[in-house]
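Working notes, beginning with the structure itself.
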Amino acid sequence: MTELDAAGIAEPLLRAAYTECRRINAHHGRTFFLATRLLPARARPAAHALYGFARMADELVDNPEPGTDPAVALDKVAGLVDEVYDGREPADPVLSALADTVRRYGIRRELIDAFLYSMRMDLTVTEYATYADLAEYIHGSAGVIGLQMLPVLGTVVPLAAAESSAAALGEAFQLTNFLRDIGEDLDRGRLYLPTEELAAFGVDRAVLCRARQNGPDPRVRAALAVAVSRTRAVYRRAEAGISLLRPESRACVQTSLTLYEGILDEIEAMDYEVLNRRATVSKGRRIGIALTTWARHQLFRAR
């Protein structure tokens, strides 16, 4: 594949490992996968590897194989991460690609550990009272993904100067997921919207479950509208950091941001009826945004 050649990945087993991560990304991460097409070819395999690892761990928790214990599965993944940072070669293809990416880009161990810690939180924590209580989970489940991607994207400033906005982008994506997937999360017994924030509108888990079963509730609409506004503010913090990235990476991140924030547009267009409907950005709009953003950034670079 051209992108593997561009990245200098020649060893057959390693190429197969990266190809598997690319398949996972293409299958599960339609928005992110589309955005990665706007990255320089040499950077795409690393983006696929980081996505592949995150998706693998997330699936162990959200969709475990029948008869398996997610906690045990996460222990096994943590053991494979030990191999990655000990310089060994894990047999698992996703971890093998991750190991190569870690070496190439210097991905810090604490970013991987924080992610796995948040995955473990999903096994025992079913709700959060405030956004402050939720902060640790959001950082580990999403903020660190932005930080992992930062060395791959590259910056025109010291890396540390771009970390706040990179983490904010992951946070914005996760907050959007909480809104889009609120019904599915309730089915899993989880509630990510802080209960004290909901209570201000007369909403609790029981009200949400009734709305999922019976239809819209004006109290839920009001609570979700405020959550959408809060999330848009996080997107603005993230967007401020795009100019800190290498020029060739900006179209990818701008596209990701615009497409994911577009889910909020869809939620508003649905009048916040997301408890039993899924807000999605159409394929045509996704492609249109990607092409427009790419063209705009190409023109900017030419100037």
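Ordering of the structure tokens sets the chain letters (A, B, ...); residue numbers start at 1 within each chain; ligands are numbered from 1 in the order shown.
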
Could I get the residues of region 91-186 of chain A with an atom no further than 12 Å from an atom of region 57-64 of chain A, each paired with its nearest atom pair and that distance in Å to one decimal, using only C-alpha atoms, sorted by chain and residue number, as CSV?
residue,atom,partner,partner_atom,distance
A:Val94,CA,A:Ala57,CA,10.5
A:Leu95,CA,A:Ala57,CA,10.9
A:Ile112,CA,A:Ala57,CA,10.8
A:Asp113,CA,A:Ala57,CA,11.7
A:Phe115,CA,A:Ala57,CA,9.0
A:Leu116,CA,A:Ala57,CA,7.5
A:Tyr117,CA,A:Ala57,CA,10.7
A:Ser118,CA,A:Asp58,CA,9.8
A:Met119,CA,A:Asp58,CA,6.7
A:Arg120,CA,A:Val61,CA,8.0
A:Met121,CA,A:Val61,CA,9.9
A:Asp122,CA,A:Val61,CA,7.3
A:Leu123,CA,A:Val61,CA,7.2
A:Thr124,CA,A:Val61,CA,10.9
A:Ser141,CA,A:Asp58,CA,9.2
A:Ala142,CA,A:Asp58,CA,11.4
A:Glu184,CA,A:Asp62,CA,10.4
A:Asp185,CA,A:Asp62,CA,9.4

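Residues lying within 8 Å of Val281 (chain A), counting only C-alpha atoms and ignoring same-chain neighbours fewer than 2 positions away, are Leu259, Gly262, Ile263, Glu266, Ala279, Lys283, Arg285 and Arg286 of chain A.
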
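Put simply, CA of Leu224 (chain A) is 17.0 Å away from CA of Glu171 (chain A).
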
Leaving out region 205-210 of chain A and any residue of its chain fewer than 3 positions from it, which residues lie within 8 Å of it when counting only C-alpha atoms, given as an NGL selection string? :A and (186 or 191 or 213-215 or 220 or 275)

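Of the listed residues A:Pro194, A:Gly140, A:Pro218, A:Gly183, the one whose atoms come nearest to Glu110 (chain A) is A:Gly140, with distances taken using only C-alpha atoms.
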
Which residues are close to Glu197 (chain A), i.e. within 12 Å by only C-alpha atoms, leaving aside same-chain residues fewer than 6 positions away? Reply as a VMD selection string. chain A and resid 128 to 134 203 to 204 219 to 220 222 to 227 230
